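Beneath this line is the structure, given in C-alpha cells, with notes to follow.
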Amino acid sequence: MSSLNLDDFTDLIERPDGGVRRDAEARRERQVVPPGSLGRLDDLGEWLSAAQAAVPVRPVVRPRVVLFAGDHKVAELGVSARPAGGAGELVREVLEGGRPVSVLARRLDVPVRVVDMALDCDPETLPAEVAGHRVRRGGGRIDIEDALTLEEAEAAFRAGMAVADEEADSGTDLVVLGDVSVGGTTAAGVLVAALCGTDASVVTGRGGVPIDDLAWMRKCAAIRDALRRARPVLGDQLQLLATVGGADLAAMTGFLLQSAVRKMPVILDGVVTAACALVGQRVAFRAPDWWLASHDSGEPGQAKALDRMAMEPLLSQGVKVGEGAGGLLALPLVQAAASLAAELPEVSDGGE
C-alpha cells in the first residue's frame, strides 16, 4: 500500500484567482487597443494575471525548462526509431548544448534542468545534479510487466513534487515541462487510451524521429497489450503509473500537481507531458487551470489528451522532437502577452 494520498490534491489545488482575472479583464477594457483585437494574447495575459494574483500582470522574468528523463524497456520491441536505452545519450547531448531545446534555451536565455528518473546508463556518467533523483535503471516492458513497483512509483511521484517545490522556492515564475526518453511516447499512448476509453490505433503516433509502417504496427500492438493491463487499475492513478507509465511519467505527474499547489504556471510540451497532465486531471480536476498547451505536435495521443482537458494549443508547428522544444517556442508568446497586458496605456478620461 502506498502512503501517498492523491485525494489530498483535490483540496490543496485552487483555481487561479477569478476575482483578479475579472479585474484584469476590466483593465484590458480601458486600454487603448480594443479588447479582442489581440486575439488569444488577451486571454493569455488575463490567465497569467489570475495565476499571479496580480493586476497589472508581472513580466515572466525567471522561466525555466525542466526535463524528466527515462528509458522504457518497451523500446526493445522496435517501437522507436532510437535504440532502446538510448535516452542517456540524448541527455548528454542536451547538457552539451547540441539538442534543439539547448539551442532555443540559449537563444531565449532560459536555464535547462534535466532530472534523471530511470535512464538505462551508469549514473556516474552524469552530473550529480542530474542523477540525484533516479528511482531505478530503466523501466519494465509495459506490454507484459509493470513499469515500476508501487513503491518506485511513489518515490518517483514524490521526486517530481520535490523538484516543483525546489523551483517554486527558487523563484521560478513559469516552467516549460518536457521529457527526454526512448519509448516514452508508447507509455504516453497507453495512458491516454486508458483514460479516454479509446483503442490503441487512435493514439498511436510515429514519435519524435518518425517510424515506418512496420514499427508503427509494432507500437500499436504494444499499446494494445499494455492497455489490457492498464484498464483494471484505472481507479488508482498511482498504480496506473506504476503499471504502464514509468518513473519519468510518474515524476512529471507529481511535478504538475505540486506546481498547481504552489501556483506555479506550467507550459506543457508534447504527447508525454499531455498524458501526464491527463493523469493529473483525473487526480485533481482544477489542476489543468494552471497549465498551458504549447503546441500541436501532430501526435494523435496529444490531440486526444488536450481535447479531453479542453486545452487549445498556442501554436501548430508540428514539432515532434520533444525535450521541451515546442514548449520553448510558445514561451515568447506568453511573455509578449504579459508585456502587452501590463504596458499598454489606458484611455484617458476624455477618450482618445
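For the C-alpha cells, the naming scheme is as follows: chains receive sequential letters (A, B, ...) according to their order of presentation, residues are indexed from 1 within each chain, and ligands are indexed from 1 in presentation order.
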Compile a residue-level contact table for stretch 190-252 of chain A against stretch 126-147 of chain A at a cut-off of 8 Å, reporting for every qualifying residue the shortest atom pair and its distance in Å to one decimal, with only C-alpha atoms counted, rows ordered by chain and ascending number, as CSV.
```
residue,atom,partner,partner_atom,distance
A:Ala222,CA,A:Asp143,CA,5.6
A:Ile223,CA,A:Asp143,CA,7.0
A:Arg224,CA,A:Asp143,CA,8.0
A:Asp225,CA,A:Asp143,CA,5.1
A:Ala226,CA,A:Asp143,CA,4.1
A:Leu227,CA,A:Asp143,CA,7.9
A:Arg229,CA,A:Asp143,CA,7.5
A:Leu241,CA,A:Ala147,CA,7.8
A:Ala242,CA,A:Ala147,CA,5.6
A:Thr243,CA,A:Asp146,CA,4.3
A:Val244,CA,A:Ile142,CA,5.2
A:Gly245,CA,A:Ala147,CA,6.1
A:Gly246,CA,A:Ala147,CA,5.2
A:Ala247,CA,A:Val135,CA,6.8
```
In stretch 139-301 of chain A, what's strand (DSSP E) per DSSP? Answer as number ranges by chain? A: 174-182, 266-268, 291-293
Go through A:Leu174, A:Ala342, A:Ala53, A:Leu292 and flag the residue nearest A:Gly326, using only C-alpha atoms for the distances.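 When distances to A:Gly326 are compared using only C-alpha atoms, the smallest one comes from A:Leu292.
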Would you mind listing what lies within 12 Å of A:Gly78 as a list of chain:residue names, with only C-alpha atoms counted and same-chain residues fewer than 3 positions away left out?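 Counting only the stated atoms, we get A:His72, A:Lys73, A:Val74, A:Ala75, A:Ala81, A:Arg82, A:Pro83, A:Ala84, A:Gly85, A:Val182, A:Gly183, A:Thr186, A:Arg206, A:Ile211, A:Asp212, A:Asp213, A:Leu214, A:Ala215, A:Trp216, A:Met217, A:Arg218, A:Lys219, A:Cys220, A:Ala221, A:Ala222.
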Extract the full set of alpha helix (DSSP H) residues from stretch 72-300 of chain A according to DSSP on the backbone, and format it as a compact mmCIF listing (two decimals) with N, CA, C and O atoms, in the first residue's frame.
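So the final result, stored in out-v6.txt, reads:
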```
# COMPACT_ATOMS: atom_id res chain seq x y z
N ALA A 87 18.29 6.97 -24.19
CA ALA A 87 17.93 8.30 -23.67
C ALA A 87 19.10 8.96 -22.95
O ALA A 87 19.20 10.20 -22.93
N GLY A 88 19.99 8.17 -22.38
CA GLY A 88 21.15 8.75 -21.70
C GLY A 88 22.01 9.57 -22.66
O GLY A 88 22.52 10.64 -22.29
N GLU A 89 22.17 9.07 -23.87
CA GLU A 89 22.94 9.82 -24.87
C GLU A 89 22.24 11.13 -25.23
O GLU A 89 22.89 12.16 -25.40
N LEU A 90 20.92 11.09 -25.32
CA LEU A 90 20.17 12.31 -25.58
C LEU A 90 20.37 13.33 -24.46
O LEU A 90 20.52 14.54 -24.71
N VAL A 91 20.36 12.85 -23.23
CA VAL A 91 20.57 13.75 -22.08
C VAL A 91 21.93 14.40 -22.17
O VAL A 91 22.08 15.62 -21.96
N ARG A 92 22.95 13.61 -22.50
CA ARG A 92 24.29 14.19 -22.61
C ARG A 92 24.35 15.24 -23.71
O ARG A 92 25.01 16.28 -23.56
N GLU A 93 23.63 15.01 -24.81
CA GLU A 93 23.59 16.00 -25.90
C GLU A 93 22.87 17.27 -25.46
O GLU A 93 23.28 18.38 -25.84
N VAL A 94 21.82 17.12 -24.66
CA VAL A 94 21.14 18.30 -24.12
C VAL A 94 22.11 19.10 -23.25
O VAL A 94 22.23 20.32 -23.38
N LEU A 95 22.82 18.41 -22.37
CA LEU A 95 23.73 19.08 -21.44
C LEU A 95 24.90 19.73 -22.17
O LEU A 95 25.41 20.77 -21.74
N GLU A 96 25.30 19.14 -23.29
CA GLU A 96 26.42 19.68 -24.07
C GLU A 96 25.98 20.78 -25.03
O GLU A 96 26.83 21.39 -25.70
N PRO A 100 17.86 20.55 -29.97
CA PRO A 100 17.03 21.73 -30.26
C PRO A 100 16.66 22.54 -29.03
O PRO A 100 16.67 23.77 -29.05
N VAL A 101 16.33 21.84 -27.92
CA VAL A 101 15.97 22.57 -26.71
C VAL A 101 17.16 23.39 -26.20
O VAL A 101 16.98 24.51 -25.68
N SER A 102 18.37 22.87 -26.39
CA SER A 102 19.56 23.59 -25.95
C SER A 102 19.74 24.87 -26.75
O SER A 102 20.04 25.94 -26.20
N VAL A 103 19.55 24.77 -28.06
CA VAL A 103 19.70 25.93 -28.94
C VAL A 103 18.66 27.00 -28.61
O VAL A 103 18.98 28.19 -28.46
N LEU A 104 17.41 26.58 -28.48
CA LEU A 104 16.34 27.53 -28.17
C LEU A 104 16.53 28.15 -26.79
O LEU A 104 16.28 29.34 -26.60
N ALA A 105 16.95 27.35 -25.83
CA ALA A 105 17.16 27.87 -24.48
C ALA A 105 18.26 28.92 -24.46
O ALA A 105 18.15 29.94 -23.77
N ARG A 106 19.34 28.69 -25.24
CA ARG A 106 20.39 29.70 -25.34
C ARG A 106 19.85 30.98 -25.96
O ARG A 106 20.13 32.09 -25.51
N ARG A 107 19.07 30.81 -27.01
CA ARG A 107 18.52 31.97 -27.72
C ARG A 107 17.61 32.79 -26.82
O ARG A 107 17.62 34.03 -26.86
N LEU A 108 16.85 32.12 -25.97
CA LEU A 108 15.88 32.80 -25.11
C LEU A 108 16.44 33.07 -23.71
O LEU A 108 15.73 33.65 -22.88
N ALA A 128 26.03 14.95 -10.93
CA ALA A 128 25.30 14.55 -9.73
C ALA A 128 23.95 15.22 -9.64
O ALA A 128 22.97 14.62 -9.18
N GLU A 129 23.86 16.47 -10.09
CA GLU A 129 22.58 17.18 -10.00
C GLU A 129 21.54 16.63 -10.97
O GLU A 129 20.35 16.85 -10.81
N VAL A 130 21.99 15.88 -11.98
CA VAL A 130 21.06 15.25 -12.92
C VAL A 130 20.58 13.91 -12.37
O VAL A 130 19.39 13.58 -12.42
N ALA A 131 21.50 13.11 -11.84
CA ALA A 131 21.19 11.73 -11.43
C ALA A 131 20.69 11.62 -10.00
O ALA A 131 20.34 10.52 -9.55
N LEU A 150 4.96 -0.35 -7.02
CA LEU A 150 4.18 0.76 -6.46
C LEU A 150 5.07 1.66 -5.61
O LEU A 150 4.91 2.89 -5.61
N GLU A 151 6.03 1.07 -4.91
CA GLU A 151 6.95 1.86 -4.08
C GLU A 151 7.81 2.76 -4.95
O GLU A 151 8.08 3.92 -4.61
N GLU A 152 8.28 2.24 -6.09
CA GLU A 152 9.07 3.06 -7.01
C GLU A 152 8.24 4.17 -7.62
O GLU A 152 8.72 5.30 -7.79
N ALA A 153 6.97 3.87 -7.94
CA ALA A 153 6.09 4.90 -8.50
C ALA A 153 5.88 6.03 -7.49
O ALA A 153 5.89 7.21 -7.86
N GLU A 154 5.70 5.66 -6.23
CA GLU A 154 5.53 6.69 -5.21
C GLU A 154 6.80 7.52 -5.05
O GLU A 154 6.75 8.75 -4.93
N ALA A 155 7.96 6.85 -5.07
CA ALA A 155 9.23 7.58 -4.95
C ALA A 155 9.41 8.55 -6.11
O ALA A 155 9.86 9.69 -5.92
N ALA A 156 9.06 8.12 -7.32
CA ALA A 156 9.18 8.99 -8.49
C ALA A 156 8.20 10.16 -8.41
O ALA A 156 8.56 11.31 -8.71
N PHE A 157 6.98 9.87 -8.01
CA PHE A 157 5.97 10.91 -7.87
C PHE A 157 6.42 11.96 -6.85
O PHE A 157 6.33 13.17 -7.10
N ARG A 158 6.93 11.49 -5.73
CA ARG A 158 7.41 12.41 -4.70
C ARG A 158 8.63 13.20 -5.18
O ARG A 158 8.81 14.37 -4.82
N ALA A 159 9.48 12.57 -5.99
CA ALA A 159 10.62 13.29 -6.55
C ALA A 159 10.15 14.44 -7.44
O ALA A 159 10.71 15.55 -7.38
N GLY A 160 9.12 14.19 -8.24
CA GLY A 160 8.57 15.25 -9.06
C GLY A 160 8.01 16.38 -8.22
O GLY A 160 8.20 17.58 -8.54
N MET A 161 7.33 16.04 -7.14
CA MET A 161 6.82 17.06 -6.21
C MET A 161 7.97 17.88 -5.62
O MET A 161 7.88 19.11 -5.52
N ALA A 162 9.04 17.18 -5.24
CA ALA A 162 10.18 17.87 -4.64
C ALA A 162 10.83 18.84 -5.62
O ALA A 162 11.22 19.96 -5.24
N VAL A 163 10.94 18.43 -6.89
CA VAL A 163 11.52 19.32 -7.90
C VAL A 163 10.63 20.55 -8.09
O VAL A 163 11.13 21.68 -8.22
N ALA A 164 9.31 20.37 -8.08
CA ALA A 164 8.39 21.52 -8.18
C ALA A 164 8.59 22.47 -7.01
O ALA A 164 8.62 23.70 -7.20
N ASP A 165 8.72 21.93 -5.82
CA ASP A 165 8.96 22.78 -4.64
C ASP A 165 10.29 23.53 -4.76
O ASP A 165 10.37 24.71 -4.42
N GLU A 166 11.30 22.83 -5.24
CA GLU A 166 12.61 23.49 -5.40
C GLU A 166 12.52 24.65 -6.39
O GLU A 166 13.09 25.72 -6.15
N GLU A 167 11.81 24.44 -7.47
CA GLU A 167 11.68 25.50 -8.47
C GLU A 167 10.87 26.68 -7.92
O GLU A 167 11.24 27.85 -8.09
N ALA A 168 9.76 26.38 -7.28
CA ALA A 168 8.94 27.46 -6.72
C ALA A 168 9.71 28.23 -5.65
O ALA A 168 9.66 29.47 -5.61
N ASP A 169 10.44 27.52 -4.80
CA ASP A 169 11.19 28.17 -3.73
C ASP A 169 12.33 29.03 -4.27
O ASP A 169 12.73 30.01 -3.63
N GLY A 184 9.05 6.60 -24.45
CA GLY A 184 8.10 7.36 -23.65
C GLY A 184 6.78 7.64 -24.33
O GLY A 184 5.73 7.66 -23.69
N THR A 185 6.80 7.82 -25.65
CA THR A 185 5.53 8.10 -26.33
C THR A 185 4.63 6.87 -26.36
O THR A 185 3.40 6.99 -26.43
N THR A 186 5.23 5.67 -26.28
CA THR A 186 4.42 4.45 -26.20
C THR A 186 3.69 4.39 -24.87
O THR A 186 2.48 4.13 -24.81
N ALA A 187 4.41 4.64 -23.77
CA ALA A 187 3.78 4.68 -22.45
C ALA A 187 2.72 5.77 -22.40
O ALA A 187 1.63 5.57 -21.85
N ALA A 188 3.01 6.92 -22.99
CA ALA A 188 2.05 8.02 -23.00
C ALA A 188 0.79 7.62 -23.76
O ALA A 188 -0.33 7.93 -23.34
N GLY A 189 0.96 6.91 -24.88
CA GLY A 189 -0.20 6.46 -25.65
C GLY A 189 -1.10 5.54 -24.85
O GLY A 189 -2.33 5.62 -24.94
N VAL A 190 -0.48 4.66 -24.04
CA VAL A 190 -1.28 3.75 -23.20
C VAL A 190 -2.10 4.55 -22.19
O VAL A 190 -3.30 4.30 -22.00
N LEU A 191 -1.47 5.52 -21.53
CA LEU A 191 -2.19 6.33 -20.54
C LEU A 191 -3.35 7.08 -21.17
O LEU A 191 -4.46 7.12 -20.61
N VAL A 192 -3.11 7.69 -22.31
CA VAL A 192 -4.17 8.46 -22.97
C VAL A 192 -5.31 7.54 -23.40
O VAL A 192 -6.49 7.84 -23.18
N ALA A 193 -4.98 6.41 -24.02
CA ALA A 193 -6.03 5.48 -24.45
C ALA A 193 -6.83 4.97 -23.27
O ALA A 193 -8.06 4.87 -23.32
N ALA A 194 -6.14 4.65 -22.16
CA ALA A 194 -6.84 4.13 -20.98
C ALA A 194 -7.77 5.18 -20.39
O ALA A 194 -8.93 4.88 -20.06
N LEU A 195 -7.30 6.40 -20.25
CA LEU A 195 -8.09 7.44 -19.58
C LEU A 195 -9.17 8.01 -20.48
O LEU A 195 -10.16 8.56 -19.99
N CYS A 196 -9.00 7.90 -21.79
CA CYS A 196 -10.02 8.40 -22.72
C CYS A 196 -10.95 7.29 -23.22
O CYS A 196 -11.89 7.55 -23.96
N ALA A 200 -6.09 1.46 -29.17
CA ALA A 200 -4.67 1.76 -29.35
C ALA A 200 -4.41 2.52 -30.65
O ALA A 200 -3.62 3.46 -30.67
N SER A 201 -5.06 2.13 -31.73
CA SER A 201 -4.78 2.75 -33.03
C SER A 201 -5.09 4.24 -33.04
O SER A 201 -4.50 5.00 -33.81
N VAL A 202 -6.02 4.67 -32.19
CA VAL A 202 -6.43 6.08 -32.16
C VAL A 202 -5.34 6.98 -31.59
O VAL A 202 -5.26 8.16 -31.92
N VAL A 203 -4.49 6.44 -30.74
CA VAL A 203 -3.49 7.26 -30.04
C VAL A 203 -2.06 6.96 -30.48
O VAL A 203 -1.13 7.61 -30.00
N ASP A 213 6.04 2.11 -41.25
CA ASP A 213 4.74 1.46 -41.03
C ASP A 213 4.86 0.20 -40.17
O ASP A 213 3.99 -0.06 -39.31
N LEU A 214 5.91 -0.59 -40.37
CA LEU A 214 6.07 -1.81 -39.58
C LEU A 214 6.30 -1.47 -38.11
O LEU A 214 5.74 -2.11 -37.21
N ALA A 215 7.13 -0.47 -37.86
CA ALA A 215 7.37 -0.06 -36.48
C ALA A 215 6.09 0.50 -35.86
O ALA A 215 5.83 0.28 -34.67
N TRP A 216 5.32 1.22 -36.67
CA TRP A 216 4.04 1.76 -36.17
C TRP A 216 3.12 0.62 -35.74
O TRP A 216 2.45 0.70 -34.70
N MET A 217 3.07 -0.44 -36.54
CA MET A 217 2.22 -1.59 -36.18
C MET A 217 2.72 -2.27 -34.91
O MET A 217 1.91 -2.69 -34.07
N ARG A 218 4.03 -2.37 -34.75
CA ARG A 218 4.58 -2.93 -33.51
C ARG A 218 4.22 -2.04 -32.32
O ARG A 218 3.88 -2.54 -31.23
N LYS A 219 4.30 -0.74 -32.51
CA LYS A 219 3.96 0.20 -31.44
C LYS A 219 2.48 0.09 -31.09
O LYS A 219 2.11 0.08 -29.91
N CYS A 220 1.65 0.00 -32.09
CA CYS A 220 0.20 -0.13 -31.86
C CYS A 220 -0.10 -1.42 -31.08
O CYS A 220 -0.91 -1.42 -30.15
N ALA A 221 0.58 -2.51 -31.43
CA ALA A 221 0.36 -3.78 -30.73
C ALA A 221 0.84 -3.69 -29.28
O ALA A 221 0.19 -4.21 -28.36
N ALA A 222 1.96 -3.02 -29.07
CA ALA A 222 2.48 -2.86 -27.70
C ALA A 222 1.51 -2.04 -26.85
O ALA A 222 1.24 -2.38 -25.69
N ILE A 223 0.97 -0.97 -27.42
CA ILE A 223 0.00 -0.15 -26.70
C ILE A 223 -1.27 -0.95 -26.42
O ILE A 223 -1.83 -0.90 -25.31
N ARG A 224 -1.71 -1.74 -27.40
CA ARG A 224 -2.90 -2.58 -27.21
C ARG A 224 -2.70 -3.55 -26.06
O ARG A 224 -3.56 -3.69 -25.18
N ASP A 225 -1.55 -4.23 -26.03
CA ASP A 225 -1.30 -5.21 -24.97
C ASP A 225 -1.16 -4.53 -23.61
O ASP A 225 -1.65 -5.04 -22.60
N ALA A 226 -0.49 -3.39 -23.57
CA ALA A 226 -0.35 -2.67 -22.30
C ALA A 226 -1.68 -2.11 -21.83
O ALA A 226 -1.96 -2.03 -20.63
N LEU A 227 -2.52 -1.75 -22.78
CA LEU A 227 -3.84 -1.21 -22.45
C LEU A 227 -4.69 -2.24 -21.71
O LEU A 227 -5.44 -1.90 -20.78
N ARG A 228 -4.55 -3.50 -22.08
CA ARG A 228 -5.27 -4.57 -21.38
C ARG A 228 -4.83 -4.64 -19.92
O ARG A 228 -5.62 -4.96 -19.03
N ARG A 229 -3.56 -4.33 -19.67
CA ARG A 229 -3.04 -4.36 -18.31
C ARG A 229 -3.42 -3.10 -17.53
O ARG A 229 -3.47 -3.10 -16.30
N ALA A 230 -3.67 -2.01 -18.27
CA ALA A 230 -3.98 -0.73 -17.62
C ALA A 230 -5.43 -0.64 -17.15
O ALA A 230 -5.71 -0.06 -16.09
N GLN A 237 -4.66 6.08 -9.73
CA GLN A 237 -3.75 6.74 -10.67
C GLN A 237 -2.29 6.42 -10.40
O GLN A 237 -1.48 6.34 -11.33
N LEU A 238 -1.91 6.24 -9.15
CA LEU A 238 -0.52 5.88 -8.86
C LEU A 238 -0.22 4.47 -9.35
O LEU A 238 0.84 4.21 -9.93
N GLN A 239 -1.16 3.56 -9.14
CA GLN A 239 -0.99 2.20 -9.64
C GLN A 239 -0.97 2.18 -11.16
O GLN A 239 -0.22 1.41 -11.78
N LEU A 240 -1.76 3.04 -11.78
CA LEU A 240 -1.75 3.14 -13.25
C LEU A 240 -0.37 3.55 -13.75
O LEU A 240 0.15 2.98 -14.71
N LEU A 241 0.24 4.54 -13.10
CA LEU A 241 1.58 4.99 -13.49
C LEU A 241 2.61 3.90 -13.26
O LEU A 241 3.56 3.75 -14.03
N ALA A 242 2.43 3.12 -12.20
CA ALA A 242 3.35 2.01 -11.93
C ALA A 242 3.19 0.91 -12.96
O ALA A 242 4.16 0.29 -13.40
N THR A 243 1.96 0.67 -13.39
CA THR A 243 1.67 -0.45 -14.28
C THR A 243 2.12 -0.16 -15.71
O THR A 243 2.80 -0.99 -16.34
N VAL A 244 1.77 1.00 -16.24
CA VAL A 244 2.03 1.26 -17.66
C VAL A 244 2.70 2.60 -17.92
O VAL A 244 2.83 3.02 -19.08
N ALA A 247 8.99 5.84 -14.39
CA ALA A 247 9.43 6.76 -13.36
C ALA A 247 9.41 8.20 -13.84
O ALA A 247 9.07 9.12 -13.09
N ASP A 248 9.76 8.43 -15.12
CA ASP A 248 9.76 9.79 -15.63
C ASP A 248 8.33 10.34 -15.72
O ASP A 248 8.07 11.49 -15.37
N LEU A 249 7.38 9.50 -16.13
CA LEU A 249 6.00 9.95 -16.24
C LEU A 249 5.37 10.15 -14.86
O LEU A 249 4.61 11.10 -14.65
N ALA A 250 5.70 9.27 -13.91
CA ALA A 250 5.21 9.45 -12.55
C ALA A 250 5.74 10.75 -11.95
O ALA A 250 5.02 11.50 -11.29
N ALA A 251 7.03 11.02 -12.19
CA ALA A 251 7.63 12.25 -11.67
C ALA A 251 7.00 13.48 -12.30
O ALA A 251 6.73 14.48 -11.61
N MET A 252 6.75 13.44 -13.61
CA MET A 252 6.11 14.59 -14.27
C MET A 252 4.71 14.84 -13.73
O MET A 252 4.29 16.00 -13.58
N THR A 253 3.97 13.77 -13.45
CA THR A 253 2.63 13.93 -12.89
C THR A 253 2.70 14.57 -11.51
O THR A 253 1.95 15.50 -11.19
N GLY A 254 3.63 14.09 -10.67
CA GLY A 254 3.82 14.72 -9.37
C GLY A 254 4.25 16.17 -9.48
O GLY A 254 3.79 17.03 -8.72
N PHE A 255 5.12 16.45 -10.45
CA PHE A 255 5.58 17.82 -10.67
C PHE A 255 4.41 18.73 -11.05
O PHE A 255 4.26 19.84 -10.53
N LEU A 256 3.58 18.27 -11.97
CA LEU A 256 2.45 19.08 -12.43
C LEU A 256 1.48 19.38 -11.29
O LEU A 256 1.02 20.53 -11.14
N LEU A 257 1.16 18.38 -10.50
CA LEU A 257 0.20 18.60 -9.42
C LEU A 257 0.78 19.50 -8.33
O LEU A 257 0.09 20.40 -7.84
N GLN A 258 2.04 19.29 -7.98
CA GLN A 258 2.63 20.14 -6.95
C GLN A 258 2.84 21.56 -7.45
O GLN A 258 2.73 22.53 -6.68
N SER A 259 3.11 21.72 -8.74
CA SER A 259 3.20 23.07 -9.32
C SER A 259 1.86 23.80 -9.18
O SER A 259 1.83 25.00 -8.89
N ALA A 260 0.77 23.07 -9.38
CA ALA A 260 -0.56 23.68 -9.20
C ALA A 260 -0.80 24.05 -7.74
O ALA A 260 -1.37 25.11 -7.44
N VAL A 261 -0.35 23.19 -6.84
CA VAL A 261 -0.46 23.52 -5.41
C VAL A 261 0.31 24.81 -5.10
O VAL A 261 -0.17 25.69 -4.37
N VAL A 271 3.33 15.03 -26.38
CA VAL A 271 2.38 14.00 -26.02
C VAL A 271 2.67 13.41 -24.63
O VAL A 271 1.73 13.05 -23.90
N VAL A 272 3.93 13.33 -24.24
CA VAL A 272 4.25 12.73 -22.94
C VAL A 272 3.76 13.62 -21.81
O VAL A 272 3.13 13.15 -20.85
N THR A 273 4.02 14.92 -21.89
CA THR A 273 3.55 15.82 -20.84
C THR A 273 2.03 15.91 -20.85
O THR A 273 1.41 16.04 -19.80
N ALA A 274 1.41 15.82 -22.05
CA ALA A 274 -0.05 15.86 -22.13
C ALA A 274 -0.65 14.64 -21.44
O ALA A 274 -1.68 14.74 -20.75
N ALA A 275 -0.02 13.48 -21.61
CA ALA A 275 -0.52 12.26 -20.95
C ALA A 275 -0.42 12.39 -19.44
O ALA A 275 -1.34 12.00 -18.71
N CYS A 276 0.69 12.93 -18.96
CA CYS A 276 0.85 13.13 -17.51
C CYS A 276 -0.17 14.14 -16.99
O CYS A 276 -0.71 13.97 -15.88
N ALA A 277 -0.43 15.18 -17.77
CA ALA A 277 -1.44 16.16 -17.38
C ALA A 277 -2.82 15.52 -17.29
O ALA A 277 -3.62 15.85 -16.42
N LEU A 278 -3.09 14.58 -18.19
CA LEU A 278 -4.38 13.89 -18.17
C LEU A 278 -4.52 13.05 -16.89
O LEU A 278 -5.60 13.02 -16.28
N VAL A 279 -3.44 12.40 -16.48
CA VAL A 279 -3.46 11.69 -15.20
C VAL A 279 -3.67 12.68 -14.06
O VAL A 279 -4.47 12.44 -13.14
N GLY A 280 -2.99 13.81 -14.14
CA GLY A 280 -3.13 14.84 -13.11
C GLY A 280 -4.55 15.38 -13.02
O GLY A 280 -5.06 15.64 -11.92
N GLN A 281 -5.19 15.54 -14.16
CA GLN A 281 -6.59 16.00 -14.16
C GLN A 281 -7.49 14.98 -13.46
O GLN A 281 -8.42 15.36 -12.74
N ARG A 282 -7.21 13.70 -13.68
CA ARG A 282 -8.01 12.66 -13.03
C ARG A 282 -7.84 12.72 -11.51
O ARG A 282 -8.77 12.42 -10.76
N VAL A 283 -6.66 13.14 -11.05
CA VAL A 283 -6.39 13.26 -9.62
C VAL A 283 -7.06 14.50 -9.04
O VAL A 283 -7.69 14.44 -7.97
N PRO A 300 -1.30 11.95 -32.41
CA PRO A 300 -2.73 11.77 -32.12
C PRO A 300 -3.04 11.63 -30.63
O PRO A 300 -4.09 12.07 -30.17
```
Counting only C-alpha atoms, the residue of A:Asp23, A:Gly207, A:Glu46, A:Lys263 that sits nearest A:Arg286: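 Using only C-alpha atoms, the shortest distance to A:Arg286 belongs to A:Lys263.
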Atom pair atom CA of A:Val334 / atom CA of A:Arg21: separation (Å): 16.0 Å
Two-atom distance - atom CA of A:Leu67, atom CA of A:Gly45 (Å): 25.5 Å
Rounded to one decimal in Å, what is the spacing between atom CA of A:Asn5 and atom CA of A:Thr172?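 That distance, rounded to one decimal, is 26.6 Å.
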Within 12 Å of A:Leu268 using only C-alpha atoms, minus same-chain residues under 6 positions, as number ranges by chain: A: 65-67, 174-179, 252-253, 255-256, 274-278, 288, 290-297, 302, 305-306, 311-315, 322-331
